[in-house]
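Participant: Contents of target.pdb (PDB, C-alpha atoms) are below:
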```pdb
ATOM      1  CA  ILE A  26      24.131 -21.673 -11.977  1.00  0.00           C
ATOM      2  CA  PHE A  27      24.374 -25.411 -12.556  1.00  0.00           C
ATOM      3  CA  ASN A  28      21.891 -28.234 -12.324  1.00  0.00           C
ATOM      4  CA  ASP A  29      22.511 -31.947 -12.756  1.00  0.00           C
ATOM      5  CA  ASP A  30      21.370 -35.178 -11.155  1.00  0.00           C
ATOM      6  CA  ASN A  31      23.409 -34.677  -7.974  1.00  0.00           C
ATOM      7  CA  HIS A  32      23.878 -30.933  -7.521  1.00  0.00           C
ATOM      8  CA  ILE A  33      21.717 -27.824  -7.790  1.00  0.00           C
ATOM      9  CA  LEU A  34      23.212 -24.375  -7.125  1.00  0.00           C
ATOM     10  CA  THR A  35      20.895 -21.351  -7.278  1.00  0.00           C
ATOM     11  CA  VAL A  36      21.903 -17.684  -6.955  1.00  0.00           C
ATOM     12  CA  GLY A  37      19.340 -14.898  -7.002  1.00  0.00           C
ATOM     13  CA  ALA A  38      18.732 -11.247  -6.205  1.00  0.00           C
ATOM     14  CA  THR A  39      15.666  -9.040  -5.739  1.00  0.00           C
ATOM     15  CA  TYR A  40      15.140  -5.280  -5.559  1.00  0.00           C
ATOM     16  CA  GLN A  41      12.184  -3.503  -3.972  1.00  0.00           C
ATOM     17  CA  PRO A  42      11.829   0.215  -4.830  1.00  0.00           C
ATOM     18  CA  SER A  43      11.102   2.895  -2.271  1.00  0.00           C
ATOM     19  CA  MET A  44       7.602   4.264  -1.673  1.00  0.00           C
ATOM     20  CA  LYS A  45       6.857   7.754  -0.347  1.00  0.00           C
ATOM     21  CA  LEU A  46       4.318   8.295   2.431  1.00  0.00           C
ATOM     22  CA  ARG A  47       2.583  11.350   3.893  1.00  0.00           C
ATOM     23  CA  ALA A  48       2.248  11.086   7.662  1.00  0.00           C
ATOM     24  CA  GLU A  49       0.523  13.194  10.290  1.00  0.00           C
ATOM     25  CA  MET A  50       2.069  13.521  13.747  1.00  0.00           C
ATOM     26  CA  THR A  51       0.392  14.665  16.962  1.00  0.00           C
ATOM     27  CA  ARG A  52       2.470  15.592  20.023  1.00  0.00           C
ATOM     28  CA  LEU A  53       0.751  15.813  23.392  1.00  0.00           C
ATOM     29  CA  ILE A  54       2.609  16.450  26.646  1.00  0.00           C
ATOM     30  CA  GLU A  55       0.636  16.705  29.880  1.00  0.00           C
ATOM     31  CA  GLY A  56       1.666  17.692  33.380  1.00  0.00           C
ATOM     32  CA  ASN A  57      -0.055  17.793  36.777  1.00  0.00           C
ATOM     33  CA  ASN A  58       2.026  20.535  38.399  1.00  0.00           C
ATOM     34  CA  VAL A  59       0.956  23.419  36.159  1.00  0.00           C
ATOM     35  CA  ALA A  60      -2.231  25.372  35.783  1.00  0.00           C
ATOM     36  CA  SER A  61      -3.203  23.509  32.614  1.00  0.00           C
ATOM     37  CA  ASP A  62      -2.882  19.790  32.213  1.00  0.00           C
ATOM     38  CA  THR A  63      -1.783  20.206  28.590  1.00  0.00           C
ATOM     39  CA  VAL A  64       1.765  21.541  28.251  1.00  0.00           C
ATOM     40  CA  VAL A  65       2.331  20.959  24.530  1.00  0.00           C
ATOM     41  CA  PHE A  66      -0.155  20.066  21.819  1.00  0.00           C
ATOM     42  CA  ALA A  67       1.013  20.243  18.211  1.00  0.00           C
ATOM     43  CA  GLU A  68      -0.022  18.664  14.924  1.00  0.00           C
ATOM     44  CA  SER A  69       2.264  18.531  11.914  1.00  0.00           C
ATOM     45  CA  ARG A  70       2.778  16.720   8.645  1.00  0.00           C
ATOM     46  CA  THR A  71       5.999  15.115   7.511  1.00  0.00           C
ATOM     47  CA  ARG A  72       7.196  13.105   4.560  1.00  0.00           C
ATOM     48  CA  LEU A  73       8.287   9.561   5.213  1.00  0.00           C
ATOM     49  CA  ALA A  74       9.255   6.750   2.872  1.00  0.00           C
ATOM     50  CA  LEU A  75       9.385   3.008   2.937  1.00  0.00           C
ATOM     51  CA  PRO A  76      12.970   2.078   2.059  1.00  0.00           C
ATOM     52  CA  ASP A  77      14.153   0.413  -1.078  1.00  0.00           C
ATOM     53  CA  ALA A  78      15.569  -3.020  -0.287  1.00  0.00           C
ATOM     54  CA  MET A  79      18.180  -5.214  -1.951  1.00  0.00           C
ATOM     55  CA  THR A  80      18.345  -8.954  -1.256  1.00  0.00           C
ATOM     56  CA  VAL A  81      20.872 -11.500  -2.518  1.00  0.00           C
ATOM     57  CA  GLY A  82      20.758 -15.204  -1.764  1.00  0.00           C
ATOM     58  CA  VAL A  83      22.276 -18.557  -2.617  1.00  0.00           C
ATOM     59  CA  THR A  84      21.199 -22.179  -2.109  1.00  0.00           C
ATOM     60  CA  TYR A  85      23.050 -25.439  -2.677  1.00  0.00           C
ATOM     61  CA  GLN A  86      21.040 -28.642  -2.937  1.00  0.00           C
ATOM     62  CA  ARG A  87      21.839 -32.324  -3.128  1.00  0.00           C
ATOM     63  CA  ARG A  88      19.588 -35.333  -2.890  1.00  0.00           C
ATOM     64  CA  LYS A  89      19.478 -35.433   0.921  1.00  0.00           C
ATOM     65  CA  TYR A  90      20.151 -31.849   2.005  1.00  0.00           C
ATOM     66  CA  VAL A  91      19.696 -28.173   1.144  1.00  0.00           C
ATOM     67  CA  ILE A  92      21.798 -25.272   2.480  1.00  0.00           C
ATOM     68  CA  GLY A  93      20.873 -21.633   1.918  1.00  0.00           C
ATOM     69  CA  ALA A  94      21.688 -18.081   2.980  1.00  0.00           C
ATOM     70  CA  ASP A  95      20.469 -14.588   2.081  1.00  0.00           C
ATOM     71  CA  TYR A  96      21.357 -10.993   2.946  1.00  0.00           C
ATOM     72  CA  THR A  97      19.015  -7.953   2.869  1.00  0.00           C
ATOM     73  CA  TYR A  98      19.935  -4.262   3.053  1.00  0.00           C
ATOM     74  CA  ARG A  99      17.324  -1.519   3.604  1.00  0.00           C
ATOM     75  CA  ASN A 100      18.230   2.199   3.564  1.00  0.00           C
ATOM     76  CA  TRP A 101      15.795   3.641   6.103  1.00  0.00           C
ATOM     77  CA  GLY A 102      18.257   6.337   7.125  1.00  0.00           C
ATOM     78  CA  ASP A 103      18.878   7.590   3.593  1.00  0.00           C
ATOM     79  CA  LYS A 104      15.148   7.920   2.911  1.00  0.00           C
ATOM     80  CA  ASN A 105      14.123   9.283   6.331  1.00  0.00           C
ATOM     81  CA  ASP A 106      16.460  11.744   8.021  1.00  0.00           C
ATOM     82  CA  TYR A 107      13.584  12.995  10.176  1.00  0.00           C
ATOM     83  CA  LYS A 108      14.245  12.392  13.869  1.00  0.00           C
ATOM     84  CA  LEU A 109      11.424  10.769  15.783  1.00  0.00           C
ATOM     85  CA  SER A 110      12.583  12.512  18.959  1.00  0.00           C
ATOM     86  CA  ASN A 111      15.786  13.840  20.462  1.00  0.00           C
ATOM     87  CA  ASN A 112      17.013  10.300  21.161  1.00  0.00           C
ATOM     88  CA  ALA A 113      15.651   8.333  18.200  1.00  0.00           C
ATOM     89  CA  LYS A 114      16.260   8.301  14.455  1.00  0.00           C
ATOM     90  CA  TYR A 115      15.989   6.022  11.435  1.00  0.00           C
ATOM     91  CA  ILE A 116      19.052   3.995  10.407  1.00  0.00           C
ATOM     92  CA  ASN A 117      19.961   1.658   7.577  1.00  0.00           C
ATOM     93  CA  THR A 118      19.476  -2.009   8.412  1.00  0.00           C
ATOM     94  CA  ASN A 119      21.081  -5.359   7.624  1.00  0.00           C
ATOM     95  CA  ALA A 120      19.524  -8.810   7.871  1.00  0.00           C
ATOM     96  CA  VAL A 121      21.135 -12.236   7.442  1.00  0.00           C
ATOM     97  CA  ASN A 122      19.365 -15.598   7.292  1.00  0.00           C
ATOM     98  CA  VAL A 123      21.104 -18.983   7.173  1.00  0.00           C
ATOM     99  CA  GLY A 124      19.430 -22.376   7.169  1.00  0.00           C
ATOM    100  CA  GLY A 125      19.588 -25.995   6.155  1.00  0.00           C
ATOM    101  CA  GLN A 126      17.348 -29.002   5.583  1.00  0.00           C
ATOM    102  CA  TYR A 127      18.145 -32.714   5.749  1.00  0.00           C
ATOM    103  CA  THR A 128      15.939 -35.558   4.482  1.00  0.00           C
ATOM    104  CA  PRO A 129      17.390 -39.058   5.090  1.00  0.00           C
ATOM    105  CA  ASN A 130      15.497 -40.867   2.320  1.00  0.00           C
ATOM    106  CA  ARG A 131      12.425 -39.461   0.538  1.00  0.00           C
ATOM    107  CA  GLY A 132      11.653 -42.797  -1.090  1.00  0.00           C
ATOM    108  CA  ASP A 133      11.843 -45.033   1.988  1.00  0.00           C
ATOM    109  CA  VAL A 134       8.705 -47.204   1.955  1.00  0.00           C
ATOM    110  CA  ARG A 135       9.314 -48.774   5.355  1.00  0.00           C
ATOM    111  CA  LYS A 136      10.375 -45.983   7.723  1.00  0.00           C
ATOM    112  CA  TYR A 137       8.310 -42.801   7.806  1.00  0.00           C
ATOM    113  CA  LEU A 138      10.957 -41.004   9.894  1.00  0.00           C
ATOM    114  CA  ASN A 139      13.388 -41.242   6.982  1.00  0.00           C
ATOM    115  CA  ARG A 140      10.975 -39.325   4.738  1.00  0.00           C
ATOM    116  CA  ILE A 141      10.650 -36.396   7.186  1.00  0.00           C
ATOM    117  CA  SER A 142      12.611 -33.203   6.376  1.00  0.00           C
ATOM    118  CA  TYR A 143      14.527 -31.856   9.391  1.00  0.00           C
ATOM    119  CA  ARG A 144      15.292 -28.110   9.357  1.00  0.00           C
ATOM    120  CA  ILE A 145      17.394 -25.677  11.359  1.00  0.00           C
ATOM    121  CA  GLY A 146      18.279 -22.024  10.870  1.00  0.00           C
ATOM    122  CA  TYR A 147      19.626 -18.785  12.323  1.00  0.00           C
ATOM    123  CA  LYS A 148      18.712 -15.161  11.603  1.00  0.00           C
ATOM    124  CA  TYR A 149      20.128 -11.770  12.568  1.00  0.00           C
ATOM    125  CA  SER A 150      18.735  -8.309  11.849  1.00  0.00           C
ATOM    126  CA  ASP A 151      18.959  -4.654  12.928  1.00  0.00           C
ATOM    127  CA  TYR A 152      15.951  -2.628  14.056  1.00  0.00           C
ATOM    128  CA  TYR A 153      15.304   0.355  11.787  1.00  0.00           C
ATOM    129  CA  VAL A 154      15.090   2.889  14.655  1.00  0.00           C
ATOM    130  CA  GLN A 155      18.103   3.795  16.798  1.00  0.00           C
ATOM    131  CA  PHE A 156      17.537   4.964  20.379  1.00  0.00           C
ATOM    132  CA  GLY A 157      20.084   7.110  22.178  1.00  0.00           C
ATOM    133  CA  GLY A 158      22.763   6.239  19.646  1.00  0.00           C
ATOM    134  CA  ARG A 159      22.408   2.510  20.328  1.00  0.00           C
ATOM    135  CA  LYS A 160      21.344  -0.035  17.744  1.00  0.00           C
ATOM    136  CA  LEU A 161      18.755  -2.651  18.606  1.00  0.00           C
ATOM    137  CA  LYS A 162      19.455  -6.125  17.280  1.00  0.00           C
ATOM    138  CA  GLU A 163      17.393  -9.263  16.901  1.00  0.00           C
ATOM    139  CA  GLN A 164      18.732 -12.805  16.836  1.00  0.00           C
ATOM    140  CA  ALA A 165      16.784 -16.042  16.595  1.00  0.00           C
ATOM    141  CA  ILE A 166      17.285 -19.780  16.210  1.00  0.00           C
ATOM    142  CA  THR A 167      14.706 -21.760  14.269  1.00  0.00           C
ATOM    143  CA  CYS A 168      14.016 -25.449  13.776  1.00  0.00           C
ATOM    144  CA  GLY A 169      11.231 -27.477  12.247  1.00  0.00           C
ATOM    145  CA  PHE A 170       9.980 -30.506  10.385  1.00  0.00           C
ATOM    146  CA  GLY A 171       8.343 -31.220   7.048  1.00  0.00           C
ATOM    147  CA  LEU A 172       5.928 -34.124   7.468  1.00  0.00           C
ATOM    148  CA  PRO A 173       5.106 -35.702   4.066  1.00  0.00           C
ATOM    149  CA  LEU A 174       1.432 -36.353   3.372  1.00  0.00           C
ATOM    150  CA  LYS A 175       1.909 -39.064   0.767  1.00  0.00           C
ATOM    151  CA  MET A 176       4.448 -41.706  -0.111  1.00  0.00           C
ATOM    152  CA  SER A 177       5.137 -40.011  -3.463  1.00  0.00           C
ATOM    153  CA  GLY A 178       5.030 -36.263  -4.045  1.00  0.00           C
ATOM    154  CA  ALA A 179       6.293 -33.188  -2.207  1.00  0.00           C
ATOM    155  CA  SER A 180       3.179 -32.045  -0.306  1.00  0.00           C
ATOM    156  CA  ALA A 181       3.773 -31.812   3.436  1.00  0.00           C
ATOM    157  CA  ILE A 182       2.684 -30.360   6.758  1.00  0.00           C
ATOM    158  CA  ASP A 183       5.340 -27.875   7.945  1.00  0.00           C
ATOM    159  CA  ILE A 184       5.901 -27.372  11.684  1.00  0.00           C
ATOM    160  CA  GLY A 185       8.285 -24.697  12.921  1.00  0.00           C
ATOM    161  CA  PHE A 186       9.689 -23.372  16.194  1.00  0.00           C
ATOM    162  CA  GLU A 187      11.537 -20.092  16.755  1.00  0.00           C
ATOM    163  CA  TYR A 188      13.307 -18.726  19.819  1.00  0.00           C
ATOM    164  CA  GLY A 189      14.659 -15.207  19.656  1.00  0.00           C
ATOM    165  CA  VAL A 190      15.907 -12.147  21.544  1.00  0.00           C
ATOM    166  CA  ARG A 191      15.224  -8.553  20.455  1.00  0.00           C
ATOM    167  CA  GLY A 192      16.649  -5.372  21.975  1.00  0.00           C
ATOM    168  CA  THR A 193      18.852  -4.703  25.003  1.00  0.00           C
ATOM    169  CA  THR A 194      18.540  -3.692  28.648  1.00  0.00           C
ATOM    170  CA  ARG A 195      21.375  -1.150  28.420  1.00  0.00           C
ATOM    171  CA  ASP A 196      20.643   2.597  28.653  1.00  0.00           C
ATOM    172  CA  HIS A 197      17.179   1.901  30.133  1.00  0.00           C
ATOM    173  CA  LEU A 198      15.973   0.142  26.974  1.00  0.00           C
ATOM    174  CA  VAL A 199      13.855  -3.013  26.735  1.00  0.00           C
ATOM    175  CA  ARG A 200      14.869  -6.530  25.755  1.00  0.00           C
ATOM    176  CA  ASP A 201      12.186  -8.869  24.434  1.00  0.00           C
ATOM    177  CA  THR A 202      12.526 -12.664  24.507  1.00  0.00           C
ATOM    178  CA  TYR A 203       9.980 -14.591  22.481  1.00  0.00           C
ATOM    179  CA  PHE A 204       9.030 -18.089  21.348  1.00  0.00           C
ATOM    180  CA  LYS A 205       6.994 -18.699  18.190  1.00  0.00           C
ATOM    181  CA  PHE A 206       5.256 -21.855  16.952  1.00  0.00           C
ATOM    182  CA  SER A 207       3.887 -22.170  13.409  1.00  0.00           C
ATOM    183  CA  VAL A 208       2.068 -24.765  11.310  1.00  0.00           C
ATOM    184  CA  GLY A 209       1.756 -24.626   7.528  1.00  0.00           C
ATOM    185  CA  LEU A 210       0.608 -26.734   4.615  1.00  0.00           C
ATOM    186  CA  SER A 211       2.588 -27.095   1.372  1.00  0.00           C
ATOM    187  CA  LEU A 212       0.666 -28.406  -1.650  1.00  0.00           C
ATOM    188  CA  PHE A 213       2.401 -29.189  -4.930  1.00  0.00           C
ATOM    189  CA  GLY A 214       0.737 -29.719  -8.300  1.00  0.00           C
ATOM    190  CA  GLU A 215       2.373 -33.027  -9.048  1.00  0.00           C
ATOM    191  CA  ASP A 216       0.332 -34.546  -6.199  1.00  0.00           C
ATOM    192  CA  PHE A 217      -2.941 -33.926  -8.125  1.00  0.00           C
ATOM    193  CA  TRP A 218      -4.892 -32.816  -5.048  1.00  0.00           C
ATOM    194  CA  PHE A 219      -7.617 -30.993  -6.950  1.00  0.00           C
ATOM    195  CA  MET A 220      -7.970 -33.128 -10.077  1.00  0.00           C
ATOM    196  CA  LYS A 221     -11.432 -34.596 -10.561  1.00  0.00           C
ATOM    197  CA  ARG A 222     -11.356 -38.267 -11.458  1.00  0.00           C
ATOM    198  CA  LYS A 223     -13.544 -39.689 -14.227  1.00  0.00           C
ATOM    199  CA  TYR A 224     -13.601 -43.161 -12.697  1.00  0.00           C
ATOM    200  CA  ASP A 225     -13.291 -44.264  -9.035  1.00  0.00           C
TER
END
```
Produce structure tokens that represent the structure in this file.

Facilitator:
Amino acid sequence: IFNDDNHILTVGATYQPSMKLRAEMTRLIEGNNVASDTVVFAESRTRLALPDAMTVGVTYQRRKYVIGADYTYRNWGDKNDYKLSNNAKYINTNAVNVGGQYTPNRGDVRKYLNRISYRIGYKYSDYYVQFGGRKLKEQAITCGFGLPLKMSGASAIDIGFEYGVRGTTRDHLVRDTYFKFSVGLSLFGEDFWFMKRKYD
């Protein structure tokens, strides 16, 4: 929306159209207390669809920090009214992500710690299948660092940590607690990583 020397505000939106799928389903139920081990065996075809998705987001940036948030809506339930079983069905989902980054001083020639970007975030989302009338939710906290590779330029090694909880133990369901570690490399053109020099 506006961009000057001290402030940058960006607002954006994306739309992903739906895609139809043809799926085959096989049901097999076996029991040990009947004459035949196989109680039910059935094959069928059904029409499924990947949902269309709408995402809106906003970021606000100043020299030392960046704050951003986005929201995504996916209409699984509107595209797939087929019930997976008597206790499960597709539902529409919501997802929210909020995060921020702080860099003390990108141009500090003496202290490397001041050139590091410190990041923290939070995310929330619904699972697209509902079991027994109960929604499954996922929440996670993230943090990380951007370690600059050079004194000038934006290329960096990105290190991230994520701790989250998915699901619930109510109604005999399962709750999953996880921890994720990631490492990435960001290369920017202004750093001239792949330019061949004529003279050394």

Participant: Please write the residues picked by the PyMOL selection byres ((chain A and resi 129) around 9) on this file as a list in words.

Facilitator: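 Selected by the PyMOL selection byres ((chain A and resi 129) around 9) in this file: Lys89, Tyr90, Tyr127, Thr128, Asn130, Arg131, Asp133, Leu138, Asn139, Arg140, Ile141, Ser142 and Tyr143 of chain A.
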
Participant: What does the file look like for those residues with C-alpha atoms, as a PDB file, keeping the file's coordinate frame?

Facilitator:
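part.pdb was written with the following content:
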```pdb
ATOM      1  CA  LYS A  89      19.478 -35.433   0.921  1.00  0.00           C
ATOM      2  CA  TYR A  90      20.151 -31.849   2.005  1.00  0.00           C
ATOM      3  CA  TYR A 127      18.145 -32.714   5.749  1.00  0.00           C
ATOM      4  CA  THR A 128      15.939 -35.558   4.482  1.00  0.00           C
ATOM      5  CA  ASN A 130      15.497 -40.867   2.320  1.00  0.00           C
ATOM      6  CA  ARG A 131      12.425 -39.461   0.538  1.00  0.00           C
ATOM      7  CA  ASP A 133      11.843 -45.033   1.988  1.00  0.00           C
ATOM      8  CA  LEU A 138      10.957 -41.004   9.894  1.00  0.00           C
ATOM      9  CA  ASN A 139      13.388 -41.242   6.982  1.00  0.00           C
ATOM     10  CA  ARG A 140      10.975 -39.325   4.738  1.00  0.00           C
ATOM     11  CA  ILE A 141      10.650 -36.396   7.186  1.00  0.00           C
ATOM     12  CA  SER A 142      12.611 -33.203   6.376  1.00  0.00           C
ATOM     13  CA  TYR A 143      14.527 -31.856   9.391  1.00  0.00           C
TER      14      TYR A 143
END
```

Participant: List every protein, DNA or RNA residue that has at least one atom no more than 6 Å from (15.4, -8.7, -0.8) in the file's coordinates, counting all atoms listed in the file, and write the result as an MDAnalysis selection string.

Facilitator: chainID A and resid 39:40 78:80 97

Participant: In Å, how far is it from atom CA of Tyr115 of chain A to atom CA of Lys148 of chain A?

Facilitator: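 Going from atom CA of Tyr115 of chain A over to atom CA of Lys148 of chain A, I get 21.4 Å.
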
Participant: For atom CA of Thr202 of chain A and atom CA of Ala120 of chain A, determine how far apart the two atoms are, in Å to one decimal place.

Facilitator: 18.5 Å

Participant: Please report the interatomic distance between atom CA of Val123 of chain A and atom CA of Leu174 of chain A in Å with one decimal.

Facilitator: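 Atom-to-atom, atom CA of Val123 of chain A and atom CA of Leu174 of chain A are spaced 26.5 Å apart.
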